[in-house]
Protein chains: 4
Amino acid sequence: MVDDRIPVGVLGATGTVGRKLVELLTGHPWFRLAEVCGSSSSSGEILARGWNSAGGESASVAPESLRLKDPDSPWESPILFSALPASAAREHEIRLVECGHILVSNASVHRMRPDVPLIIPEINSHHLEIITRQAWEGSLITNPNCAVSALALALAPLHEVFGVKQVVTTSFQAISGAGTPGPPAGSLLDNVLPLIRGEEEKFTGEPQKILGRIEDGVISSADFPVSASCTRVSVSDGHLLSVSVALAGEPSPESVTKVMAGYRGSCASLNLPSTPTKPLEVMPGEDRPQPRLDRNRGDGMTATVGRIRQCEVLDVKFFVLVHNLVRGAAGAALLNAELCQAEGLVVTAR
Amino acid sequence: MVDDRIPVGVLGATGTVGRKLVELLTGHPWFRLAEVCGSSSSSGEILARGWNSAGGESASVAPESLRLKDPDSPWESPILFSALPASAAREHEIRLVECGHILVSNASVHRMRPDVPLIIPEINSHHLEIITRQAWEGSLITNPNCAVSALALALAPLHEVFGVKQVVTTSFQAISGAGTPGPPAGSLLDNVLPLIRGEEEKFTGEPQKILGRIEDGVISSADFPVSASCTRVSVSDGHLLSVSVALAGEPSPESVTKVMAGYRGSCASLNLPSTPTKPLEVMPGEDRPQPRLDRNRGDGMTATVGRIRQCEVLDVKFFVLVHNLVRGAAGAALLNAELCQAEGLVVTAR
Amino acid sequence: MVDDRIPVGVLGATGTVGRKLVELLTGHPWFRLAEVCGSSSSSGEILARGWNSAGGESASVAPESLRLKDPDSPWESPILFSALPASAAREHEIRLVECGHILVSNASVHRMRPDVPLIIPEINSHHLEIITRQAWEGSLITNPNCAVSALALALAPLHEVFGVKQVVTTSFQAISGAGTPGPPAGSLLDNVLPLIRGEEEKFTGEPQKILGRIEDGVISSADFPVSASCTRVSVSDGHLLSVSVALAGEPSPESVTKVMAGYRGSCASLNLPSTPTKPLEVMPGEDRPQPRLDRNRGDGMTATVGRIRQCEVLDVKFFVLVHNLVRGAAGAALLNAELCQAEGLVVTAR
Amino acid sequence: MVDDRIPVGVLGATGTVGRKLVELLTGHPWFRLAEVCGSSSSSGEILARGWNSAGGESASVAPESLRLKDPDSPWESPILFSALPASAAREHEIRLVECGHILVSNASVHRMRPDVPLIIPEINSHHLEIITRQAWEGSLITNPNCAVSALALALAPLHEVFGVKQVVTTSFQAISGAGTPGPPAGSLLDNVLPLIRGEEEKFTGEPQKILGRIEDGVISSADFPVSASCTRVSVSDGHLLSVSVALAGEPSPESVTKVMAGYRGSCASLNLPSTPTKPLEVMPGEDRPQPRLDRNRGDGMTATVGRIRQCEVLDVKFFVLVHNLVRGAAGAALLNAELCQAEGLVVTAR
């Protein structure tokens with residue numbers, strides 16, 4: 001039987017996000033994992049044993065035949081995923097887009113370029129149109145930082161209905177968000193690390209761009225300030241954020257709850273395979289969301305919200321959680337690739 | 001040799017705070033632990049083996065002869081410490097003050113009474129004067145909630161020099177703050193609990209009372225709002241707070257750092273045995289304070305501050321840490337008892 | 001559409017094992033969860049919110065209509081699962097078997113009765129025949145202790161092929177094995193607990209009974225001694241055992257590996273729904289099995305083995321791991337119920 | 001005032017063991033820390049901030065003026081401590097002994113040389129005499145592997161009184177034993193690692209050498225086999241071992257307890273500053289020793305034992321714990337240096 005799914009490649013497939021991409025692509029209805037590259041240092045185990053032993057918690061995640069290729073060799077897949085670290089992304093991404101590939105990147109280096117859309121399909125799939133401003137033969141689409149994705153999903157319905165004015169947030173970020181190898185065990189046991197280098201800065205541009213409008217073919221970022229304090233905690237997966245927000249019209253916690261609970265996002269009609277039933281779910285319990293209990297809701301693509309209540313300083317406060325490797329990284333990139341395909345961007349040789 | 005130290009008693013000596021009090025009283029220069037009561041359910045091990053085996057991490061913490069007494073039997077010590085849970089505190093505390101004891105309580109039930117001082121000696125030792133408004137034969141003095149004590153120590157110099165206008169804080173609270181037995185291991189492993197029942201409410205009254213002024217013999221609370229989001233994390237001891245604060249005059253992070261670093265508090269001249277060299281220490285590293293590295297500074301009595309920087313929404317943000325069982329509970333009560341003694345409140349039979 | 005699956009009930013459904021049973025029964029091809037009872041103290045959340053919110057990590061685990069019944073009221077299901085604690089099991093189990101139910105119990109109280117089979121279907125499904133010795137209208141079948149199940153699965157092929165002579169084992173047991181609420185978080189953070197009350201004793205009878213032969217309709221236990229040292233570690237699920245074993249014929253690690261890798265057990269032909277492809281899987285990596293990476297192999301029903309190597313004192317040593325709540329408890333009971341059904345023991349009203 | 005303490009140097013002072021040595025040398029009555037070298041990669045923080053900020057949990061651990069020197073430059077101190085990793089130890093240690101230094105090494109590379117004593121002073125201080133067989137101008141003395149030190153301290157009184165015949169042990173080793181940076185946080189959270197490369201092999205030579213006799217000026221190792229299974233668990237400090245032992249005469253657990261409780265070791269009369277009151281302490285509780293509660297007994301120099309009971313396969317089993325960085329490494333080296341000084345080996349220029 002012919003496998004006529006679209007071949008895709010993964011750059012940085014041996015890192016934490018790359019391995020999750022390989023896992024999510026297994027059995028994907030539209031895409032077939034055809035090519036990968038990865039760092040030889042972190043890929044020792046994978047090269048030695050094949051993907052399936054290395055997958056750890058996941059059984060059987062990739063074709064046994066998959067072998068690491070040289071990133072500089074030609075790639076054949078129309079869609080490439082980049083899970084590269086910043087320096088490698090800077091080196092390779094533009095070159096591959098120039099070669100005509102659709103590059104769906106999780107890397108941060110090009111997220112804030114005015115001609116590169118920063119997309120969460122449920123929120124701003126219409127930003128995809130600005131790729132017409134890109135001068136390359138291919139296209140470059142990015143998804144936001146993992147912790148920003150939690151905030152953006154929580155703010156999206158509030159910005160749409162009320163208008164966000166100010167945000168103060170403190171994050172509790174999981175170990176897997178630090179990549180491979182990540183922080184030493186001795187630094188996180190019985191401890192909290194009150195610094196994630198380069199993280200807080202991302203909250204001053206990414207949420208605003210995602211929630212921005214298109215004006216004359218250009219993204220005009222929303223202009224609310226966000227103050228973020230980012231920490232690393234002893235949690236394997238799942239970024240939790242404590243969020244206080246000032247909103248136009250000073251709505252009550254009840255109004256905010258209703259708006260959040262009713263949010264479905266703008267891309268439901270596209271029926272993308274990785275879209276969850278709810279991009280945002282308001283948890284019923286008093287003490288939710290919790291990383292271990294809620295990170296896998298909607299197969300890791302649903303952000304969960306809880307404890308929506310009055311803020312004594314701004315208007316409303318709440319907690320929001322996302323699975324940082326799925327909705328916050330690999331799943332986000334995959335959803336963006338599905339969006340590109342659904343919008344007819346992918347030209348295949350067939 | 002005669003031991004002429006002042007005899008003291010501990011109510012609730014078998015709980016987490018009570019055991020820490022017993023430990024801190026061992027070898028105290030002014031006080032001698034003479035009497036204790038505790039719950040028979042949690043004290044099984046202590047009753048069976050004596051304090052010294054039960055002390056866990058501490059070697060030899062109490063006289064071998066110490067046995068639990070009935071809380072309703074007469075107490076002989078002029079100073080009593082209460083580490084009782086709320087319901088027991090409500091039942092016993094006033095009765096003991098009526099009997100003439102100086103009751104130094106860590107319990108929350110009477111903290112907000114207008115005639116009961118809520119004291120951190122470095123900040124508001126002068127509030128002690130309002131005990132003249134108490135109608136009892138003895139006196140009742142309280143110390144704040146453990147997480148509030150971190151915030152109050154950080155805000156005190158800022159309120160004195162600039163004036164605090166607004167505070168938004170998120171806490172990372174240690175397991176020991178939940179008492180005995182505390183949350184089950186299964187609930188905190190690989191997790192964060194985004195709710196501590198009854199905790200956030202304490203931030204709307206206690207910091208304001210501590211930083212209030214005395215007007216006509218009455219405490220006039222400061223009137224800035226505090227929005228707190230409190231969580232429990234997998235840390236044994238040490239409450240960390242992420243704090244954003246709006247200050248009159250909008251001082252720079254540098255000014256705030258200077259003011260915090262220079263803070264010594266108002267009771268240094270009393271030479272209380274448990275006063276640390278610095279009630280507040282600004283940590284030099286970029287990634288401090290951290291619970292495991294910094295909770296024991298100043299023998300657990302020094303709050304540590306770090307990452308003082310611009311806040312994009314309010315004026316300045318930072319992290320502050322206290323050892324919740326020492327500066328936040330047992331050490332706080334002990335310091336208050338020392339203050340009472342230094343101020344001549346303690347009348348002994350000698 | 002008529003649901004003609006066999007109705008089953010769960011006693012102790014609100015405990016750790018009971019909740020896992022409810023989860024595993026969701027969508028079961030043969031059984032339909034019809035009745036539950038549970039302790040009202042631990043079931044507060046479940047009663048308040050329904051099973052599905054309480055399920056935590058599992059989405060939608062039970063019919064919304066399921067409500068806790070009184071354990072003393074009549075039960076209608078032919079098969080009942082007991083996840084009761086020892087005292088409640090002692091009170092209720094025999095009474096229910098006398099009423100004609102097939103009672104599949106995870107409780108320890110009756111495991112060592114000579115007329116009660118202690119079954120792991122892959123190892124000793126033929127022991128089921130001794131229920132003919134039971135004088136009750138119904139039947140009582142038990143599964144072993146969670147840590148014993150790991151050892152028994154590892155020893156079964158070795159006992160069959162070589163003959164086990166002596167075993168020395170040290171266990172690393174997960175928090176969930178201690179039930180609800182389990183040990184306090186403060187006792188396990190940065191710690192190992194070197195005692196699990198009543199656990200080591202189970203290794204001196206259960207493995208020997210499981211690996212025993214039927215002689216004249218009576219189980220004759222194997223007679224090798226097992227020395228177990230049991231500890232609790234900071235792991236959510238998955239019991240790991242370090243095992244040294246003396247075997248007849250002193251086989252090499254390579255022979256032992258081959259025998260373990262080839263083991264399929266004796267019930268494969270029954271096609272029980274919960275039987276994994278392999279009851280025992282030899283892991284290829286040098287540093288496996290690991291609780292977090294391997295506990296869910298075979299949907300939690302596969303025990304994993306690794307590091308099979310020469311023992312300097314006995315003959316061979318290795319590590320073995322099981323998911324204590326699945327293969328070690330709820331899944332074990334479910335598999336035993338499936339065995340009863342496959343063997344024609346279940347008489348239904350249909 | 002003249003500081004006439006003996007100047008000492010530390011090689012590898014920026015690693016985990018080296019930093020602990022620097023801490024233990026602070027305020028030492030006999031030795032003054034005069035020189036250090038360390039890896040520039042791991043010493044960034046120390047170089048940037050000085051020892052005292054880098055010390056983490058320890059306040060003020062070293063002279064502010066201390067700066068890293070080149071290990072190849074001349075060393076002036078008569079006593080040098082080596083906390084070097086294996087490769088660096090192989091490169092530097094012999095050269096420094098040839099230069100006339102007394103080198104007290106924690107590294108494993110030379111431990112098993114027949115002319116190098118492997119010493120735990122309480123057990124085998126008389127082995128020091130074999131340094132007369134060393135051809136160098138200086139002397140080289142080593143201490144055992146951290147986990148071996150726990151076993152050796154537990155076995156010493158048993159070997160002396162009964163004679164050890166066989167040992168089976170499983171270890172639970174702390175993160176700090178893996179050095180800097182140690183295993184990634186993601187690998188140990190909710191997990192146990194059942195492999196420590198190169199560790200189990202050390203149990204087949206080191207305990208036997210330590211408990212060996214001197215015959216004709218040569219160490220004759222004891223000849224009992226030890227089977228070790230070594231694991232890494234989520235504990236910061238403190239190696240716990242589950243031990244089963246066969247003893248000549250098959251003594252009862254009570255006899256074994258009495259012998260262990262009475263053990264004081266053979267170097268008490270030397271009054272070495274780092275000797276604890278008891279090298280081995282039998283804990284009274286049923287559930288001890290525990291890493292977090294007991295690792296600091298005797299300032300980290302006392303090994304604690306508990307749960308001494310009948311073994312179903314060998315004779316007796318128990319748990320033993322040591323602080324791996326103190327008694328198992330830095331404190332062990334320091335005690336060995338003190339032994340050298342007490343035995344008159346140290347020749348100073350004074």
# chains A, B, ... in the order shown; residues from 1 in each chain; ligands from 1

$ interface_residues --of "chain A" --to "chain B" --cutoff "8 Å" --atoms "only C-alpha atoms" --output "ChimeraX atom specification"
/A:166-168,170,189-195,225-227,229,233-236,242,286-292,311-313,319

$ residues_around --residues "A:Glu254" --least-positions-apart "5" --cutoff "9 Å" --atoms "only C-alpha atoms" --output "PyMOL selection string"
chain A and resi 259+308-309

$ residues_around --residues "D:Lys69" --least-positions-apart "2" --cutoff "10 Å" --atoms "only C-alpha atoms" --output "ChimeraX atom specification"
/D:11,35-39,66-67,71-75

$ write_last_selection --atoms "C-alpha atoms" --output "short mmCIF file (atom, residue, chain, number, x, y, z; two decimals), in the first residue's frame"
data_model
loop_
_atom_site.label_atom_id
_atom_site.label_comp_id
_atom_site.auth_asym_id
_atom_site.auth_seq_id
_atom_site.Cartn_x
_atom_site.Cartn_y
_atom_site.Cartn_z
CA LEU D 11 43.71 19.90 44.28
CA GLU D 35 46.72 26.76 48.22
CA VAL D 36 44.05 25.47 45.85
CA CYS D 37 43.71 24.52 42.23
CA GLY D 38 40.51 23.69 40.37
CA SER D 39 39.01 23.37 36.96
CA LEU D 66 42.34 32.39 48.01
CA ARG D 67 42.78 32.17 44.24
CA PRO D 71 48.30 22.60 39.39
CA ASP D 72 51.66 22.36 37.62
CA SER D 73 53.17 25.27 39.52
CA PRO D 74 55.12 24.40 42.67
CA TRP D 75 53.12 23.71 45.81
#

$ atom_distance --atom1 "atom CA of B:Pro121" --atom2 "atom CA of B:Gly15"
24.5 Å

$ residues_around --residues "B:Val104" --least-positions-apart "2" --cutoff "12 Å" --atoms "only C-alpha atoms" --output "PDB file with N, CA and C atoms, in the first residue's frame"
ATOM      1  N   VAL B   8      10.049  28.736  80.716  1.00  0.00           N
ATOM      2  CA  VAL B   8       9.028  28.974  79.679  1.00  0.00           C
ATOM      3  C   VAL B   8       8.338  27.654  79.351  1.00  0.00           C
ATOM      4  N   GLY B   9       7.137  27.775  78.795  1.00  0.00           N
ATOM      5  CA  GLY B   9       6.382  26.597  78.384  1.00  0.00           C
ATOM      6  C   GLY B   9       6.023  26.673  76.918  1.00  0.00           C
ATOM      7  N   VAL B  10       5.809  25.531  76.293  1.00  0.00           N
ATOM      8  CA  VAL B  10       5.405  25.489  74.893  1.00  0.00           C
ATOM      9  C   VAL B  10       4.090  24.708  74.770  1.00  0.00           C
ATOM     10  N   LEU B  11       3.079  25.348  74.223  1.00  0.00           N
ATOM     11  CA  LEU B  11       1.815  24.669  73.915  1.00  0.00           C
ATOM     12  C   LEU B  11       1.852  24.224  72.466  1.00  0.00           C
ATOM     13  N   LEU B  21      10.465  25.081  68.111  1.00  0.00           N
ATOM     14  CA  LEU B  21      10.615  25.924  69.299  1.00  0.00           C
ATOM     15  C   LEU B  21      11.432  25.208  70.365  1.00  0.00           C
ATOM     16  N   PRO B  78       6.248  32.062  83.517  1.00  0.00           N
ATOM     17  CA  PRO B  78       5.677  33.374  83.196  1.00  0.00           C
ATOM     18  C   PRO B  78       5.469  33.568  81.694  1.00  0.00           C
ATOM     19  N   ILE B  79       6.341  32.949  80.875  1.00  0.00           N
ATOM     20  CA  ILE B  79       6.195  33.090  79.421  1.00  0.00           C
ATOM     21  C   ILE B  79       5.755  31.761  78.831  1.00  0.00           C
ATOM     22  N   LEU B  80       4.700  31.812  78.030  1.00  0.00           N
ATOM     23  CA  LEU B  80       4.247  30.620  77.316  1.00  0.00           C
ATOM     24  C   LEU B  80       4.276  30.901  75.817  1.00  0.00           C
ATOM     25  N   PHE B  81       4.720  29.896  75.066  1.00  0.00           N
ATOM     26  CA  PHE B  81       4.668  29.989  73.609  1.00  0.00           C
ATOM     27  C   PHE B  81       3.493  29.156  73.121  1.00  0.00           C
ATOM     28  N   SER B  82       2.737  29.692  72.190  1.00  0.00           N
ATOM     29  CA  SER B  82       1.661  28.897  71.604  1.00  0.00           C
ATOM     30  C   SER B  82       1.989  28.552  70.155  1.00  0.00           C
ATOM     31  N   ALA B  83       2.134  27.257  69.923  1.00  0.00           N
ATOM     32  CA  ALA B  83       2.268  26.749  68.559  1.00  0.00           C
ATOM     33  C   ALA B  83       1.056  25.871  68.271  1.00  0.00           C
ATOM     34  N   LEU B  84      -0.066  26.286  68.819  1.00  0.00           N
ATOM     35  CA  LEU B  84      -1.306  25.506  68.695  1.00  0.00           C
ATOM     36  C   LEU B  84      -1.954  25.718  67.332  1.00  0.00           C
ATOM     37  N   ALA B  89      -5.964  26.967  69.736  1.00  0.00           N
ATOM     38  CA  ALA B  89      -5.563  28.309  70.143  1.00  0.00           C
ATOM     39  C   ALA B  89      -6.781  29.087  70.617  1.00  0.00           C
ATOM     40  N   GLU B  93      -5.876  30.030  74.434  1.00  0.00           N
ATOM     41  CA  GLU B  93      -4.974  31.176  74.574  1.00  0.00           C
ATOM     42  C   GLU B  93      -5.487  32.253  75.537  1.00  0.00           C
ATOM     43  N   ILE B  94      -6.730  32.706  75.335  1.00  0.00           N
ATOM     44  CA  ILE B  94      -7.240  33.800  76.177  1.00  0.00           C
ATOM     45  C   ILE B  94      -7.268  33.382  77.652  1.00  0.00           C
ATOM     46  N   LEU B  96      -5.295  31.462  79.217  1.00  0.00           N
ATOM     47  CA  LEU B  96      -3.957  31.510  79.808  1.00  0.00           C
ATOM     48  C   LEU B  96      -3.491  32.945  80.025  1.00  0.00           C
ATOM     49  N   VAL B  97      -3.859  33.840  79.119  1.00  0.00           N
ATOM     50  CA  VAL B  97      -3.505  35.251  79.318  1.00  0.00           C
ATOM     51  C   VAL B  97      -4.268  35.801  80.517  1.00  0.00           C
ATOM     52  N   HIS B 101      -0.232  34.943  82.307  1.00  0.00           N
ATOM     53  CA  HIS B 101       0.945  34.608  81.515  1.00  0.00           C
ATOM     54  C   HIS B 101       1.163  35.603  80.386  1.00  0.00           C
ATOM     55  N   ILE B 102       2.423  35.769  80.009  1.00  0.00           N
ATOM     56  CA  ILE B 102       2.721  36.419  78.731  1.00  0.00           C
ATOM     57  C   ILE B 102       2.651  35.319  77.699  1.00  0.00           C
ATOM     58  N   ASN B 106       2.082  31.991  67.912  1.00  0.00           N
ATOM     59  CA  ASN B 106       2.275  31.866  66.470  1.00  0.00           C
ATOM     60  C   ASN B 106       0.945  31.600  65.762  1.00  0.00           C
ATOM     61  N   ALA B 107      -0.114  31.403  66.533  1.00  0.00           N
ATOM     62  CA  ALA B 107      -1.415  31.079  65.930  1.00  0.00           C
ATOM     63  C   ALA B 107      -2.032  32.322  65.302  1.00  0.00           C
ATOM     64  N   SER B 108      -2.919  32.091  64.336  1.00  0.00           N
ATOM     65  CA  SER B 108      -3.458  33.230  63.588  1.00  0.00           C
ATOM     66  C   SER B 108      -4.713  33.832  64.213  1.00  0.00           C
ATOM     67  N   HIS B 110      -5.814  35.373  66.875  1.00  0.00           N
ATOM     68  CA  HIS B 110      -5.957  36.697  67.501  1.00  0.00           C
ATOM     69  C   HIS B 110      -5.088  37.771  66.849  1.00  0.00           C
ATOM     70  N   ARG B 111      -4.402  37.412  65.769  1.00  0.00           N
ATOM     71  CA  ARG B 111      -3.463  38.369  65.168  1.00  0.00           C
ATOM     72  C   ARG B 111      -4.094  39.710  64.790  1.00  0.00           C
ATOM     73  N   VAL B 116      -4.222  43.453  70.111  1.00  0.00           N
ATOM     74  CA  VAL B 116      -3.116  42.480  70.120  1.00  0.00           C
ATOM     75  C   VAL B 116      -2.048  42.910  69.125  1.00  0.00           C
ATOM     76  N   PRO B 117      -0.836  43.132  69.594  1.00  0.00           N
ATOM     77  CA  PRO B 117       0.216  43.527  68.655  1.00  0.00           C
ATOM     78  C   PRO B 117       0.657  42.337  67.795  1.00  0.00           C
ATOM     79  N   LEU B 118       0.956  42.653  66.548  1.00  0.00           N
ATOM     80  CA  LEU B 118       1.436  41.661  65.579  1.00  0.00           C
ATOM     81  C   LEU B 118       2.845  42.113  65.223  1.00  0.00           C
ATOM     82  N   ILE B 119       3.832  41.445  65.806  1.00  0.00           N
ATOM     83  CA  ILE B 119       5.163  42.055  65.862  1.00  0.00           C
ATOM     84  C   ILE B 119       6.252  41.263  65.150  1.00  0.00           C
ATOM     85  N   LEU B 128       4.391  47.191  70.588  1.00  0.00           N
ATOM     86  CA  LEU B 128       4.209  46.475  71.845  1.00  0.00           C
ATOM     87  C   LEU B 128       3.407  47.297  72.849  1.00  0.00           C
ATOM     88  N   GLY B 138      -2.476  38.965  82.081  1.00  0.00           N
ATOM     89  CA  GLY B 138      -1.246  38.768  81.310  1.00  0.00           C
ATOM     90  C   GLY B 138      -1.288  39.543  80.004  1.00  0.00           C
ATOM     91  N   SER B 139      -0.441  39.126  79.059  1.00  0.00           N
ATOM     92  CA  SER B 139      -0.378  39.834  77.781  1.00  0.00           C
ATOM     93  C   SER B 139      -0.301  38.835  76.641  1.00  0.00           C
ATOM     94  N   LEU B 140      -0.843  39.252  75.508  1.00  0.00           N
ATOM     95  CA  LEU B 140      -0.843  38.393  74.323  1.00  0.00           C
ATOM     96  C   LEU B 140      -0.137  39.113  73.184  1.00  0.00           C
ATOM     97  N   ILE B 141       0.915  38.472  72.682  1.00  0.00           N
ATOM     98  CA  ILE B 141       1.699  39.045  71.574  1.00  0.00           C
ATOM     99  C   ILE B 141       1.733  38.007  70.454  1.00  0.00           C
ATOM    100  N   THR B 142       1.583  38.436  69.216  1.00  0.00           N
ATOM    101  CA  THR B 142       1.574  37.482  68.104  1.00  0.00           C
ATOM    102  C   THR B 142       2.641  37.831  67.070  1.00  0.00           C
ATOM    103  N   ASN B 143       2.996  36.813  66.300  1.00  0.00           N
ATOM    104  CA  ASN B 143       3.877  37.046  65.150  1.00  0.00           C
ATOM    105  C   ASN B 143       3.087  36.685  63.888  1.00  0.00           C
ATOM    106  N   PRO B 144       3.508  37.205  62.747  1.00  0.00           N
ATOM    107  CA  PRO B 144       2.696  37.004  61.539  1.00  0.00           C
ATOM    108  C   PRO B 144       2.819  35.604  60.943  1.00  0.00           C
ATOM    109  N   ALA B 329       8.105  31.477  62.005  1.00  0.00           N
ATOM    110  CA  ALA B 329       7.244  30.857  63.021  1.00  0.00           C
ATOM    111  C   ALA B 329       7.948  30.770  64.379  1.00  0.00           C
ATOM    112  N   ALA B 330       8.726  29.711  64.598  1.00  0.00           N
ATOM    113  CA  ALA B 330       9.284  29.479  65.935  1.00  0.00           C
ATOM    114  C   ALA B 330      10.288  30.565  66.323  1.00  0.00           C
ATOM    115  N   GLY B 331      11.154  30.916  65.407  1.00  0.00           N
ATOM    116  CA  GLY B 331      12.144  31.962  65.692  1.00  0.00           C
ATOM    117  C   GLY B 331      11.476  33.309  65.880  1.00  0.00           C
ATOM    118  N   ALA B 332      10.404  33.545  65.147  1.00  0.00           N
ATOM    119  CA  ALA B 332       9.659  34.803  65.268  1.00  0.00           C
ATOM    120  C   ALA B 332       9.044  34.919  66.653  1.00  0.00           C
ATOM    121  N   ALA B 333       8.446  33.825  67.139  1.00  0.00           N
ATOM    122  CA  ALA B 333       7.840  33.841  68.470  1.00  0.00           C
ATOM    123  C   ALA B 333       8.909  34.026  69.541  1.00  0.00           C
ATOM    124  N   LEU B 334      10.021  33.331  69.352  1.00  0.00           N
ATOM    125  CA  LEU B 334      11.103  33.440  70.334  1.00  0.00           C
ATOM    126  C   LEU B 334      11.629  34.877  70.401  1.00  0.00           C
ATOM    127  N   LEU B 335      11.806  35.492  69.249  1.00  0.00           N
ATOM    128  CA  LEU B 335      12.291  36.881  69.212  1.00  0.00           C
ATOM    129  C   LEU B 335      11.291  37.803  69.910  1.00  0.00           C
ATOM    130  N   ASN B 336      10.005  37.533  69.716  1.00  0.00           N
ATOM    131  CA  ASN B 336       8.995  38.355  70.392  1.00  0.00           C
ATOM    132  C   ASN B 336       9.052  38.178  71.912  1.00  0.00           C
ATOM    133  N   ALA B 337       9.321  36.960  72.361  1.00  0.00           N
ATOM    134  CA  ALA B 337       9.449  36.735  73.808  1.00  0.00           C
ATOM    135  C   ALA B 337      10.681  37.468  74.351  1.00  0.00           C
ATOM    136  N   GLU B 338      11.748  37.433  73.547  1.00  0.00           N
ATOM    137  CA  GLU B 338      12.944  38.167  73.966  1.00  0.00           C
ATOM    138  C   GLU B 338      12.668  39.667  74.048  1.00  0.00           C
ATOM    139  N   LEU B 339      11.884  40.162  73.112  1.00  0.00           N
ATOM    140  CA  LEU B 339      11.517  41.582  73.137  1.00  0.00           C
ATOM    141  C   LEU B 339      10.747  41.908  74.413  1.00  0.00           C
ATOM    142  N   CYS B 340       9.791  41.045  74.767  1.00  0.00           N
ATOM    143  CA  CYS B 340       9.009  41.258  76.000  1.00  0.00           C
ATOM    144  C   CYS B 340       9.927  41.321  77.222  1.00  0.00           C
ATOM    145  N   GLN B 341      10.865  40.413  77.242  1.00  0.00           N
ATOM    146  CA  GLN B 341      11.797  40.393  78.373  1.00  0.00           C
ATOM    147  C   GLN B 341      12.667  41.655  78.376  1.00  0.00           C
ATOM    148  N   VAL B 346       8.327  40.994  81.612  1.00  0.00           N
ATOM    149  CA  VAL B 346       8.254  39.704  82.283  1.00  0.00           C
ATOM    150  C   VAL B 346       8.505  39.868  83.784  1.00  0.00           C
TER     151      VAL B 346
END
